[in-house]
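Next up, entry_18.cif (mmCIF, C-alpha atoms):
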data_target
loop_
_atom_site.group_PDB
_atom_site.id
_atom_site.type_symbol
_atom_site.label_atom_id
_atom_site.label_comp_id
_atom_site.auth_asym_id
_atom_site.auth_seq_id
_atom_site.Cartn_x
_atom_site.Cartn_y
_atom_site.Cartn_z
ATOM 1 C CA MET A 25 0.000 0.000 0.000
ATOM 2 C CA ARG A 26 1.468 3.326 -1.048
ATOM 3 C CA PRO A 27 1.970 5.802 1.761
ATOM 4 C CA ARG A 28 -0.406 8.739 1.635
ATOM 5 C CA THR A 29 1.083 12.044 0.619
ATOM 6 C CA PRO A 30 0.776 14.491 3.508
ATOM 7 C CA PRO A 31 -1.718 17.269 2.734
ATOM 8 C CA LYS A 32 -0.219 20.504 1.589
ATOM 9 C CA ALA A 33 -0.438 23.372 4.003
ATOM 10 C CA LYS A 34 -3.068 25.891 3.084
ATOM 11 C CA ALA A 35 -1.738 29.191 1.838
ATOM 12 C CA HIS A 36 -3.097 31.102 4.827
ATOM 13 C CA GLU A 37 -1.236 28.756 7.219
ATOM 14 C CA ILE A 38 2.170 29.453 5.698
ATOM 15 C CA PRO A 39 3.915 32.379 7.411
ATOM 16 C CA LEU A 40 5.003 35.076 5.015
ATOM 17 C CA THR A 41 8.266 36.935 5.123
ATOM 18 C CA LEU A 42 7.487 40.619 5.024
ATOM 19 C CA THR A 43 9.896 43.388 4.203
ATOM 20 C CA PRO A 44 10.881 45.744 7.020
ATOM 21 C CA GLU A 45 8.865 48.438 5.227
ATOM 22 C CA GLU A 46 5.743 46.256 5.122
ATOM 23 C CA THR A 47 6.106 45.352 8.781
ATOM 24 C CA ALA A 48 6.529 49.005 9.750
ATOM 25 C CA LEU A 49 3.538 50.000 7.624
ATOM 26 C CA VAL A 50 1.070 47.487 9.044
ATOM 27 C CA ARG A 51 2.221 48.132 12.605
ATOM 28 C CA SER A 52 1.684 51.860 12.074
ATOM 29 C CA LEU A 53 -1.968 51.151 11.241
ATOM 30 C CA MET A 54 -2.812 49.742 14.674
ATOM 31 C CA ILE A 55 -5.370 51.797 16.592
ATOM 32 C CA TYR A 56 -6.390 49.308 19.306
ATOM 33 C CA GLU A 57 -5.071 46.035 20.719
ATOM 34 C CA ASP A 58 -5.770 43.757 23.659
ATOM 35 C CA ALA A 59 -5.416 40.032 24.337
ATOM 36 C CA SER A 60 -8.340 39.121 22.046
ATOM 37 C CA VAL A 61 -8.630 41.673 19.260
ATOM 38 C CA LEU A 62 -6.582 43.959 17.070
ATOM 39 C CA ALA A 63 -8.092 46.914 15.190
ATOM 40 C CA LEU A 64 -6.368 48.703 12.328
ATOM 41 C CA ASN A 65 -6.960 51.887 10.342
ATOM 42 C CA LYS A 66 -6.726 50.556 6.773
ATOM 43 C CA PRO A 67 -5.547 53.078 4.200
ATOM 44 C CA SER A 68 -7.233 53.474 0.847
ATOM 45 C CA GLY A 69 -5.525 51.450 -1.884
ATOM 46 C CA LEU A 70 -4.701 48.434 0.286
ATOM 47 C CA SER A 71 -6.782 45.312 -0.418
ATOM 48 C CA SER A 72 -8.205 43.621 2.665
ATOM 49 C CA GLN A 73 -7.924 40.177 1.142
ATOM 50 C CA GLY A 74 -7.601 38.418 -2.204
ATOM 51 C CA GLY A 75 -5.961 41.196 -4.185
ATOM 52 C CA ARG A 76 -4.854 40.448 -7.754
ATOM 53 C CA ALA A 77 -1.724 42.572 -7.834
ATOM 54 C CA GLN A 78 1.641 41.106 -6.886
ATOM 55 C CA VAL A 79 1.625 42.898 -3.554
ATOM 56 C CA HIS A 80 0.672 41.690 -0.115
ATOM 57 C CA THR A 81 -2.874 42.258 1.123
ATOM 58 C CA LEU A 82 -3.704 43.444 4.627
ATOM 59 C CA ASP A 83 -4.678 39.877 5.515
ATOM 60 C CA GLU A 84 -1.214 38.660 4.511
ATOM 61 C CA MET A 85 0.531 41.545 6.251
ATOM 62 C CA LEU A 86 -1.079 40.482 9.538
ATOM 63 C CA TRP A 87 1.797 38.002 9.825
ATOM 64 C CA ALA A 88 3.692 40.966 11.269
ATOM 65 C CA PHE A 89 1.668 40.464 14.468
ATOM 66 C CA ALA A 90 2.060 36.675 14.715
ATOM 67 C CA ARG A 91 4.108 35.190 17.522
ATOM 68 C CA PRO A 92 6.667 32.504 16.592
ATOM 69 C CA GLY A 93 4.904 29.271 15.704
ATOM 70 C CA LYS A 94 1.453 30.864 15.987
ATOM 71 C CA SER A 95 -1.142 31.932 13.433
ATOM 72 C CA ARG A 96 -1.646 35.532 12.435
ATOM 73 C CA PRO A 97 -4.739 37.494 13.539
ATOM 74 C CA ARG A 98 -7.894 36.696 11.555
ATOM 75 C CA LEU A 99 -9.921 39.289 9.658
ATOM 76 C CA ILE A 100 -13.490 39.550 10.957
ATOM 77 C CA HIS A 101 -14.791 41.657 8.072
ATOM 78 C CA ARG A 102 -13.483 43.416 4.969
ATOM 79 C CA LEU A 103 -13.404 46.876 3.459
ATOM 80 C CA ASP A 104 -13.294 47.640 -0.259
ATOM 81 C CA ARG A 105 -9.781 48.281 -1.535
ATOM 82 C CA ASP A 106 -10.397 52.024 -1.933
ATOM 83 C CA THR A 107 -12.271 52.457 1.366
ATOM 84 C CA SER A 108 -10.264 53.569 4.389
ATOM 85 C CA GLY A 109 -10.936 53.092 8.075
ATOM 86 C CA VAL A 110 -11.554 50.665 10.925
ATOM 87 C CA ILE A 111 -11.050 46.979 10.266
ATOM 88 C CA LEU A 112 -11.250 44.388 13.048
ATOM 89 C CA THR A 113 -9.230 41.209 13.537
ATOM 90 C CA ALA A 114 -9.281 38.450 16.157
ATOM 91 C CA LYS A 115 -6.037 37.284 17.767
ATOM 92 C CA THR A 116 -7.335 33.901 18.982
ATOM 93 C CA LYS A 117 -9.610 31.178 17.611
ATOM 94 C CA PRO A 118 -12.222 31.661 20.391
ATOM 95 C CA ALA A 119 -12.297 35.396 19.706
ATOM 96 C CA ALA A 120 -12.651 34.779 15.959
ATOM 97 C CA ALA A 121 -15.561 32.384 16.545
ATOM 98 C CA PHE A 122 -17.255 34.802 18.950
ATOM 99 C CA LEU A 123 -16.906 37.810 16.652
ATOM 100 C CA GLY A 124 -17.890 35.789 13.584
ATOM 101 C CA LYS A 125 -21.177 34.854 15.265
ATOM 102 C CA ALA A 126 -21.666 38.460 16.362
ATOM 103 C CA MET A 127 -21.207 39.660 12.793
ATOM 104 C CA MET A 128 -23.650 37.061 11.453
ATOM 105 C CA GLY A 129 -26.113 38.235 14.095
ATOM 106 C CA ARG A 130 -25.624 41.847 12.965
ATOM 107 C CA ARG A 131 -24.274 42.892 16.335
ATOM 108 C CA LEU A 132 -21.413 44.918 14.840
ATOM 109 C CA ALA A 133 -22.473 48.549 14.375
ATOM 110 C CA LYS A 134 -20.516 50.362 11.662
ATOM 111 C CA THR A 135 -20.419 54.102 11.014
ATOM 112 C CA TYR A 136 -19.027 55.514 7.772
ATOM 113 C CA LEU A 137 -18.372 59.017 6.483
ATOM 114 C CA ALA A 138 -18.722 59.841 2.792
ATOM 115 C CA ILE A 139 -18.501 62.892 0.558
ATOM 116 C CA VAL A 140 -21.338 62.860 -1.966
ATOM 117 C CA ALA A 141 -22.419 65.150 -4.789
ATOM 118 C CA PRO A 142 -24.189 67.220 -5.925
ATOM 119 C CA GLY A 143 -25.264 68.725 -2.601
ATOM 120 C CA ALA A 144 -27.180 67.060 0.218
ATOM 121 C CA PRO A 145 -29.481 64.072 -0.293
ATOM 122 C CA GLN A 146 -33.188 64.828 -0.292
ATOM 123 C CA PRO A 147 -34.454 64.391 2.339
ATOM 124 C CA PRO A 148 -31.214 65.082 4.218
ATOM 125 C CA GLN A 149 -31.783 62.147 6.575
ATOM 126 C CA GLY A 150 -33.413 58.795 5.997
ATOM 127 C CA ARG A 151 -33.026 55.105 5.286
ATOM 128 C CA ILE A 152 -32.520 53.432 1.941
ATOM 129 C CA GLU A 153 -34.174 50.034 1.624
ATOM 130 C CA ALA A 154 -33.204 48.616 -1.763
ATOM 131 C CA PRO A 155 -32.330 44.965 -2.526
ATOM 132 C CA LEU A 156 -29.114 44.290 -4.434
ATOM 133 C CA ARG A 157 -27.904 41.582 -6.788
ATOM 134 C CA ARG A 158 -24.454 40.772 -8.135
ATOM 135 C CA ASP A 159 -23.779 41.422 -11.825
ATOM 136 C CA MET A 160 -20.570 40.039 -13.328
ATOM 137 C CA GLN A 161 -19.072 41.899 -16.282
ATOM 138 C CA GLY A 162 -16.044 39.926 -17.341
ATOM 139 C CA ARG A 163 -13.885 39.596 -14.248
ATOM 140 C CA GLU A 164 -15.449 42.621 -12.576
ATOM 141 C CA ALA A 165 -18.340 42.363 -10.107
ATOM 142 C CA TYR A 166 -20.946 45.104 -9.853
ATOM 143 C CA MET A 167 -23.932 45.368 -7.562
ATOM 144 C CA ARG A 168 -27.295 46.406 -8.992
ATOM 145 C CA ILE A 169 -30.598 47.472 -7.481
ATOM 146 C CA CYS A 170 -33.247 44.829 -8.138
ATOM 147 C CA GLU A 171 -36.760 43.826 -7.189
ATOM 148 C CA ALA A 172 -37.182 42.043 -3.867
ATOM 149 C CA ASP A 173 -38.544 38.940 -5.631
ATOM 150 C CA HIS A 174 -35.534 38.619 -7.965
ATOM 151 C CA PRO A 175 -33.961 35.154 -7.461
ATOM 152 C CA ASP A 176 -30.583 36.714 -6.660
ATOM 153 C CA ALA A 177 -31.890 39.560 -4.498
ATOM 154 C CA GLU A 178 -30.171 40.313 -1.196
ATOM 155 C CA ALA A 179 -31.920 42.612 1.269
ATOM 156 C CA ALA A 180 -29.923 45.786 1.911
ATOM 157 C CA SER A 181 -30.589 48.641 4.326
ATOM 158 C CA THR A 182 -28.595 51.852 4.848
ATOM 159 C CA GLY A 183 -29.336 54.715 7.225
ATOM 160 C CA TYR A 184 -27.880 58.105 6.330
ATOM 161 C CA ARG A 185 -27.664 61.584 7.858
ATOM 162 C CA THR A 186 -26.317 64.796 6.345
ATOM 163 C CA LEU A 187 -23.673 66.388 8.564
ATOM 164 C CA ALA A 188 -22.727 69.350 6.364
ATOM 165 C CA SER A 189 -23.560 70.494 2.847
ATOM 166 C CA THR A 190 -23.124 73.104 0.146
ATOM 167 C CA GLU A 191 -24.604 73.304 -3.339
ATOM 168 C CA THR A 192 -21.581 71.381 -4.583
ATOM 169 C CA ALA A 193 -21.266 68.464 -2.162
ATOM 170 C CA ALA A 194 -22.202 67.065 1.233
ATOM 171 C CA LEU A 195 -20.655 65.118 4.069
ATOM 172 C CA VAL A 196 -22.948 62.280 5.116
ATOM 173 C CA GLU A 197 -22.856 59.764 7.934
ATOM 174 C CA LEU A 198 -23.854 56.213 6.988
ATOM 175 C CA LYS A 199 -25.029 53.387 9.246
ATOM 176 C CA PRO A 200 -25.640 50.165 7.304
ATOM 177 C CA ARG A 201 -27.791 47.440 8.825
ATOM 178 C CA THR A 202 -26.572 44.926 6.269
ATOM 179 C CA GLY A 203 -23.129 44.380 4.781
ATOM 180 C CA ARG A 204 -23.553 43.702 1.070
ATOM 181 C CA MET A 205 -20.707 44.263 -1.344
ATOM 182 C CA HIS A 206 -20.615 47.901 -2.542
ATOM 183 C CA GLN A 207 -23.852 48.518 -0.619
ATOM 184 C CA LEU A 208 -23.163 52.096 0.437
ATOM 185 C CA ARG A 209 -21.829 53.051 -2.975
ATOM 186 C CA VAL A 210 -24.834 51.684 -4.865
ATOM 187 C CA HIS A 211 -27.433 52.946 -2.397
ATOM 188 C CA LEU A 212 -26.123 56.510 -2.537
ATOM 189 C CA ALA A 213 -25.916 56.398 -6.326
ATOM 190 C CA THR A 214 -29.534 55.202 -6.366
ATOM 191 C CA ILE A 215 -30.744 58.381 -4.644
ATOM 192 C CA GLY A 216 -28.730 60.569 -7.000
ATOM 193 C CA ARG A 217 -25.831 61.266 -4.613
ATOM 194 C CA PRO A 218 -22.970 58.944 -5.632
ATOM 195 C CA ILE A 219 -19.836 59.008 -3.510
ATOM 196 C CA ALA A 220 -17.160 61.349 -4.833
ATOM 197 C CA GLY A 221 -14.342 59.516 -6.567
ATOM 198 C CA ASP A 222 -16.448 56.425 -7.272
ATOM 199 C CA ALA A 223 -15.949 56.099 -11.026
ATOM 200 C CA ARG A 224 -17.631 52.682 -11.049
ATOM 201 C CA TYR A 225 -20.983 54.029 -9.838
ATOM 202 C CA GLY A 226 -20.979 57.561 -11.240
ATOM 203 C CA GLY A 227 -19.181 59.548 -8.570
ATOM 204 C CA ALA A 228 -17.670 62.943 -9.380
ATOM 205 C CA LEU A 229 -13.929 63.027 -10.043
ATOM 206 C CA VAL A 230 -13.719 66.826 -9.643
ATOM 207 C CA LEU A 231 -15.650 68.903 -7.095
ATOM 208 C CA GLY A 232 -15.607 72.683 -7.000
ATOM 209 C CA GLY A 233 -12.460 72.711 -9.107
ATOM 210 C CA HIS A 234 -10.699 70.265 -6.766
ATOM 211 C CA ALA A 235 -9.579 66.841 -7.980
ATOM 212 C CA VAL A 236 -11.015 63.933 -5.983
ATOM 213 C CA PRO A 237 -8.017 61.682 -5.256
ATOM 214 C CA ARG A 238 -9.924 58.445 -4.556
ATOM 215 C CA LEU A 239 -13.210 56.996 -3.295
ATOM 216 C CA MET A 240 -14.281 59.355 -0.491
ATOM 217 C CA LEU A 241 -15.612 56.652 1.857
ATOM 218 C CA HIS A 242 -14.183 56.136 5.342
ATOM 219 C CA ALA A 243 -15.127 53.581 8.020
ATOM 220 C CA ALA A 244 -15.007 55.984 10.943
ATOM 221 C CA ALA A 245 -16.181 53.832 13.848
ATOM 222 C CA LEU A 246 -17.029 50.279 14.835
ATOM 223 C CA VAL A 247 -18.935 49.145 17.925
ATOM 224 C CA PHE A 248 -18.790 45.434 18.721
ATOM 225 C CA PRO A 249 -19.418 43.023 21.593
ATOM 226 C CA HIS A 250 -16.058 42.132 23.092
ATOM 227 C CA PRO A 251 -15.165 38.436 23.432
ATOM 228 C CA GLU A 252 -14.256 39.027 27.077
ATOM 229 C CA GLY A 253 -17.509 40.844 27.866
ATOM 230 C CA GLY A 254 -19.008 44.262 27.438
ATOM 231 C CA GLU A 255 -18.950 46.431 24.347
ATOM 232 C CA LYS A 256 -16.057 48.191 22.641
ATOM 233 C CA ARG A 257 -16.009 51.210 20.321
ATOM 234 C CA VAL A 258 -13.037 51.831 18.047
ATOM 235 C CA GLU A 259 -12.638 54.960 15.918
ATOM 236 C CA ALA A 260 -10.343 55.845 13.017
ATOM 237 C CA PRO A 261 -9.550 59.503 12.276
ATOM 238 C CA VAL A 262 -10.441 60.889 8.861
ATOM 239 C CA PRO A 263 -7.401 60.441 6.578
ATOM 240 C CA GLN A 264 -5.502 63.475 5.367
ATOM 241 C CA ASP A 265 -6.666 63.355 1.733
ATOM 242 C CA MET A 266 -10.314 63.295 2.795
ATOM 243 C CA ALA A 267 -9.802 66.011 5.419
ATOM 244 C CA GLU A 268 -8.116 68.244 2.851
ATOM 245 C CA LEU A 269 -10.994 67.830 0.400
ATOM 246 C CA LEU A 270 -13.548 68.555 3.135
ATOM 247 C CA ALA A 271 -11.672 71.748 4.005
ATOM 248 C CA ALA A 272 -11.408 72.787 0.352
ATOM 249 C CA LEU A 273 -15.158 72.252 -0.088
ATOM 250 C CA GLU A 274 -15.902 74.099 3.180
ATOM 251 C CA LEU A 275 -17.775 71.132 4.591
ATOM 252 C CA GLN A 276 -17.652 71.457 8.359
ATOM 253 C CA GLN A 277 -19.071 68.547 10.337
ATOM 254 C CA VAL A 278 -21.826 69.368 12.836
ATOM 255 C CA THR A 279 -23.347 67.325 15.640
ATOM 256 C CA SER A 280 -26.873 65.943 15.490
ATOM 257 C CA GLY A 281 -28.012 68.526 18.023
ATOM 258 C CA GLU A 282 -27.029 71.382 15.711
ATOM 259 C CA ARG A 283 -28.999 70.200 12.715
ATOM 260 C CA ASN A 284 -32.769 69.740 12.368
ATOM 261 C CA VAL A 285 -33.394 67.338 9.522
ATOM 262 C CA SER A 286 -36.453 65.434 8.387
ATOM 263 C CA ALA A 287 -36.256 61.671 7.908
ATOM 264 C CA ALA A 288 -37.736 59.387 5.304
ATOM 265 C CA THR A 289 -37.350 55.891 3.947
ATOM 266 C CA VAL A 290 -36.253 55.577 0.348
ATOM 267 C CA VAL A 291 -37.293 52.342 -1.329
#
Represent the structure from my file as structure tokens, please.
Amino acid sequence: MRPRTPPKAKAHEIPLTLTPEETALVRSLMIYEDASVLALNKPSGLSSQGGRAQVHTLDEMLWAFARPGKSRPRLIHRLDRDTSGVILTAKTKPAAAFLGKAMMGRRLAKTYLAIVAPGAPQPPQGRIEAPLRRDMQGREAYMRICEADHPDAEAASTGYRTLASTETAALVELKPRTGRMHQLRVHLATIGRPIAGDARYGGALVLGGHAVPRLMLHAAALVFPHPEGGEKRVEAPVPQDMAELLAALELQQVTSGERNVSAATVV
């Protein structure tokens, strides 16, 4: 009887050798750490996982945090390549299982900031309830609004609130209840306010004479049940390129108590 060939190690189990620059970069992204979790402030342009380019993804760069002989932290969720902001990882298997169940149970509350155009959504505050379906065009995946009874329909719900606006653009806060691919981008485009820099879904590439450097979508905060009990909130500051565009457009964020807006549901 021929001896069985030992199974090959899965790619994600093989430690990667990172350059000193990559190690320094990913360590500089850390915004919170304890015994169970690690939260990072992902920059725009870095793929969370599964990138096609011959560069390491954030998931692969997490080997910088692995102890000798141990696995790297595990991603709990993803962000689009061009979206910046909070991304959560688990440092242990029990923490990964706990947070995975919490995410499936929609117990992770995410808050995003986006620059949209032209001007504020109408009404300036509301909820978008619009099912989505995946549409493949070659190797590229798009998400499309569809009827709820479409065989590929996925329910999608996004709350939004205008924080500041001019005739040119607006800063909006987004609180998704669901986590579909490209959900925020498609939902805002559906109400005629695509996210600035989003060429795929009709976003403006120039606003008020100012070039938009990338997709102006930032995961600003994440609230999650902690594996060791209680609840934790992690925040990521607005990146410099987004802050500079907000200043150039004279969009100053205001608190909810300073703005009286009407709410509606957009279907």
For this session: Give as a PyMOL selection string the residues that the PyMOL selection byres ((chain A and resi 155-169) around 8) matches when applied to the coordinates above.
Result: chain A and resi 153-154+170-172+176-181+204-207+210+214
For this session: Run the PyMOL selection byres ((chain A and resi 253-265) around 10) mentally over the shown coordinates, then write out the matched residues as JSON, numbers by chain, using the chain letters and numbers from the document.
Result: {"A": [53, 54, 55, 56, 63, 64, 65, 66, 67, 68, 108, 109, 110, 111, 112, 132, 133, 134, 135, 137, 236, 237, 238, 240, 241, 242, 243, 244, 245, 246, 247, 248, 249, 250, 251, 252, 266, 267, 268, 269, 270]}
Problem set entry | the PyMOL selection byres ((chain A and resi 183) around 6) applied to the shown file, residues as an NGL selection string | :A and (150-151 or 182 or 184 or 198-200)
Write out the residues from the selection above, keeping C-alpha atoms, as a CSV table (one decimal), keeping the file's coordinate frame.
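Written out: out-v5.csv:
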chain,number,residue,atom,x,y,z
A,150,GLY,CA,-33.4,58.8,6.0
A,151,ARG,CA,-33.0,55.1,5.3
A,182,THR,CA,-28.6,51.9,4.8
A,184,TYR,CA,-27.9,58.1,6.3
A,198,LEU,CA,-23.9,56.2,7.0
A,199,LYS,CA,-25.0,53.4,9.2
A,200,PRO,CA,-25.6,50.2,7.3
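Atom CA of A:Arg131 sits 27.3 Å away from atom CA of A:Trp87.
Nearest-residue note for A:Arg96: choosing from A:Ala126, A:Leu40, A:Ala144, A:Pro118, the minimum distance belongs to A:Leu40, counting all atoms listed in the file.
Closest to A:Val196 among A:Pro44, A:Gly216, A:Gly124, A:Gly143 is A:Gly143, based on all atoms listed in the file.
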Exercise. So how many Å separate atom CA of A:Lys125 and atom CA of A:Ser60, to one decimal?
Worked result: 15.1 Å
For this session: Tell me, as a ChimeraX atom specification, which residues lie within 10 Å of A:Gly227, counting all atoms listed in the file; anything in the same chain fewer than 4 positions away does not count.
Result: /A:139-142,209,212-213,216-223,236,239-240
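Here atom CA of A:Glu57 and atom CA of A:Gly93 stand 20.1 Å from one another.
Only residues having an atom at most 10 Å from (-23.7, 71.8, 3.5) are included; using only C-alpha atoms, these are Gly143, Ala144, Thr186, Leu187, Ala188, Ser189, Thr190, Glu191, Thr192, Ala193, Ala194, Leu195, Val196, Leu273, Glu274, Leu275, Gln276, Gln277 and Val278 of chain A.
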For this session: Return the single residue from A:Ala90, A:Leu49, A:Leu70, A:Val230 that is closest to A:Leu103, with distances computed using all atoms listed in the file.
Result: A:Leu70
8 Å per side around stretch 175-186 of chain A: axis-aligned box centre and edge lengths, as AutoDock Vina command-line options:
--center_x -30.1 --center_y 50.0 --center_z 0.2 --size_x 23.6 --size_y 45.6 --size_z 31.3
Can you take the partial stretch 191-211 of chain A, add N, CA and C atoms, and return it as a PDB file, in the frame of the given file?
ATOM      1  N   GLU A 191     -23.971  73.644  -2.071  1.00  0.00           N
ATOM      2  CA  GLU A 191     -24.604  73.304  -3.339  1.00  0.00           C
ATOM      3  C   GLU A 191     -23.774  72.295  -4.122  1.00  0.00           C
ATOM      4  N   THR A 192     -22.491  72.240  -3.829  1.00  0.00           N
ATOM      5  CA  THR A 192     -21.581  71.381  -4.583  1.00  0.00           C
ATOM      6  C   THR A 192     -21.545  69.957  -4.061  1.00  0.00           C
ATOM      7  N   ALA A 193     -21.483  69.786  -2.731  1.00  0.00           N
ATOM      8  CA  ALA A 193     -21.266  68.464  -2.162  1.00  0.00           C
ATOM      9  C   ALA A 193     -21.806  68.421  -0.735  1.00  0.00           C
ATOM     10  N   ALA A 194     -21.751  67.233  -0.148  1.00  0.00           N
ATOM     11  CA  ALA A 194     -22.202  67.065   1.233  1.00  0.00           C
ATOM     12  C   ALA A 194     -21.377  65.990   1.921  1.00  0.00           C
ATOM     13  N   LEU A 195     -21.246  66.141   3.224  1.00  0.00           N
ATOM     14  CA  LEU A 195     -20.655  65.118   4.069  1.00  0.00           C
ATOM     15  C   LEU A 195     -21.794  64.375   4.737  1.00  0.00           C
ATOM     16  N   VAL A 196     -21.865  63.068   4.538  1.00  0.00           N
ATOM     17  CA  VAL A 196     -22.948  62.280   5.116  1.00  0.00           C
ATOM     18  C   VAL A 196     -22.390  61.186   6.014  1.00  0.00           C
ATOM     19  N   GLU A 197     -23.153  60.878   7.037  1.00  0.00           N
ATOM     20  CA  GLU A 197     -22.856  59.764   7.934  1.00  0.00           C
ATOM     21  C   GLU A 197     -23.739  58.591   7.519  1.00  0.00           C
ATOM     22  N   LEU A 198     -23.148  57.397   7.456  1.00  0.00           N
ATOM     23  CA  LEU A 198     -23.854  56.213   6.988  1.00  0.00           C
ATOM     24  C   LEU A 198     -23.800  55.123   8.045  1.00  0.00           C
ATOM     25  N   LYS A 199     -24.953  54.476   8.275  1.00  0.00           N
ATOM     26  CA  LYS A 199     -25.029  53.387   9.246  1.00  0.00           C
ATOM     27  C   LYS A 199     -25.752  52.206   8.585  1.00  0.00           C
ATOM     28  N   PRO A 200     -25.004  51.304   7.959  1.00  0.00           N
ATOM     29  CA  PRO A 200     -25.640  50.165   7.304  1.00  0.00           C
ATOM     30  C   PRO A 200     -26.123  49.118   8.303  1.00  0.00           C
ATOM     31  N   ARG A 201     -27.299  48.564   8.030  1.00  0.00           N
ATOM     32  CA  ARG A 201     -27.791  47.440   8.825  1.00  0.00           C
ATOM     33  C   ARG A 201     -27.333  46.112   8.242  1.00  0.00           C
ATOM     34  N   THR A 202     -27.047  46.117   6.954  1.00  0.00           N
ATOM     35  CA  THR A 202     -26.572  44.926   6.269  1.00  0.00           C
ATOM     36  C   THR A 202     -25.192  45.232   5.692  1.00  0.00           C
ATOM     37  N   GLY A 203     -24.492  44.189   5.263  1.00  0.00           N
ATOM     38  CA  GLY A 203     -23.129  44.380   4.781  1.00  0.00           C
ATOM     39  C   GLY A 203     -22.899  43.814   3.401  1.00  0.00           C
ATOM     40  N   ARG A 204     -23.709  44.199   2.432  1.00  0.00           N
ATOM     41  CA  ARG A 204     -23.553  43.702   1.070  1.00  0.00           C
ATOM     42  C   ARG A 204     -22.371  44.377   0.383  1.00  0.00           C
ATOM     43  N   MET A 205     -21.799  43.687  -0.576  1.00  0.00           N
ATOM     44  CA  MET A 205     -20.707  44.263  -1.344  1.00  0.00           C
ATOM     45  C   MET A 205     -21.158  45.554  -2.025  1.00  0.00           C
ATOM     46  N   HIS A 206     -20.366  46.608  -1.902  1.00  0.00           N
ATOM     47  CA  HIS A 206     -20.615  47.901  -2.542  1.00  0.00           C
ATOM     48  C   HIS A 206     -21.955  48.522  -2.124  1.00  0.00           C
ATOM     49  N   GLN A 207     -22.511  48.062  -1.019  1.00  0.00           N
ATOM     50  CA  GLN A 207     -23.852  48.518  -0.619  1.00  0.00           C
ATOM     51  C   GLN A 207     -23.965  50.031  -0.511  1.00  0.00           C
ATOM     52  N   LEU A 208     -23.066  50.655   0.226  1.00  0.00           N
ATOM     53  CA  LEU A 208     -23.163  52.096   0.437  1.00  0.00           C
ATOM     54  C   LEU A 208     -23.004  52.850  -0.872  1.00  0.00           C
ATOM     55  N   ARG A 209     -22.100  52.390  -1.697  1.00  0.00           N
ATOM     56  CA  ARG A 209     -21.829  53.051  -2.975  1.00  0.00           C
ATOM     57  C   ARG A 209     -23.052  53.000  -3.888  1.00  0.00           C
ATOM     58  N   VAL A 210     -23.670  51.839  -3.981  1.00  0.00           N
ATOM     59  CA  VAL A 210     -24.834  51.684  -4.865  1.00  0.00           C
ATOM     60  C   VAL A 210     -26.053  52.397  -4.299  1.00  0.00           C
ATOM     61  N   HIS A 211     -26.275  52.291  -2.999  1.00  0.00           N
ATOM     62  CA  HIS A 211     -27.433  52.946  -2.397  1.00  0.00           C
ATOM     63  C   HIS A 211     -27.382  54.465  -2.579  1.00  0.00           C
TER      64      HIS A 211
END
